[in-house]
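Have a look at the structure below, then the notes.
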Amino acid sequence: MKLSTRGKYGVRAVFEIARNYGNGPITIKEIAERQGISFSYLEQILHKLGKAGVIESVRGPAGGYLLACKPAELTIGDIVRTLEGPIALSHCLEPGESGDCNQADDCVARMVWAKVGAKIEEALDSISFNDLLHQQDYRKAPVLLRPRKKAALTGKGAC
């Protein structure tokens with residue numbers, strides 16, 4: 001699974017909106033400038049997030065974008081699924097696609113990719129925008145998920 005620029009920019013844009021939470025709407029121009037995202041591309045991303053109910057737009061001279069919920073209630077996983085679709089590491093794990101494979105029920109590789117995908121989804125859902133805001137405040141420690149001990153990472157003693 002490779003996250004597209006749509007997913008990456010979407011997380012960055014929502015972070016800017018979350019950073020402004022409680023202070024009124026933030027303009028698309030401010031978001032684009034702060035995050036270095038093309039205005040027209042950002043419009044497409046924000047439109048999709050708005051249609052999904054993740055953000056709300058406010059019209060008028062003091063208009064812009066607001067979160068539809070509190071930063072603590074919105075996760076990275078919410079944004080990635082909204083912009084990228086379901087998190088599936090293999091074609092056969094995409095909704096409605098397993099019917100193409102006659103080994104879907106007994107495929108060991110499919111089971112592995114499903115477990116890995118579930119862990120990725122769990123990790124993305126464990127990080128709220130409130131977490132990112134606090135991390136930004138305490139910064140500059142960019143690590144969200146700490147790796148396990150080195151022995152576990154190298155495979156020694158993993159079995």
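Identifiers in this document derive from the order of the structure tokens: chains are assigned A, B, ..., residues are numbered from 1 separately in each chain, and ligands are numbered from 1 in order of occurrence.
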Which residues are close to Gly50 of chain A, i.e. within 12 Å by only C-alpha atoms, leaving aside same-chain residues fewer than 2 positions away? Reply as a list in words.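 The neighbour list is Gly10, Val14, Leu42, Glu43, Gln44, Ile45, Leu46, His47, Lys48, Ala52, Gly53, Val54, Ile55, Glu56, Ser57, Val58, Gly64, Tyr65, Leu66, Leu67, Ala68, Ile79, Thr82 and Leu83 of chain A.
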As a ChimeraX atom specification, please: the residues near segment 33-37 of chain A (cut-off 9 Å, only C-alpha atoms, same-chain neighbours under 4 positions excluded). /A:9,12-13,16,28-29,41-42
Just how far from atom CA of Lys8 of chain A is atom CA of Arg81 of chain A, in Å to one decimal?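 Computing the Euclidean distance for atom CA of Arg81 of chain A and atom CA of Lys8 of chain A yields 11.7 Å.
On the backbone of this structure, DSSP gives strand (DSSP E or B) within segment 12-141 of chain A to A:Ile26, A:Ile55, A:Glu56, A:Ser57, A:Val58, A:Gly64, A:Tyr65, A:Leu66, A:Leu67, A:Thr75, A:Ser128.
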For atom CA of Asn130 of chain A and atom CA of Ala18 of chain A, determine how far apart the two atoms are, in Å to one decimal place.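 That distance, rounded to one decimal, is 7.8 Å.
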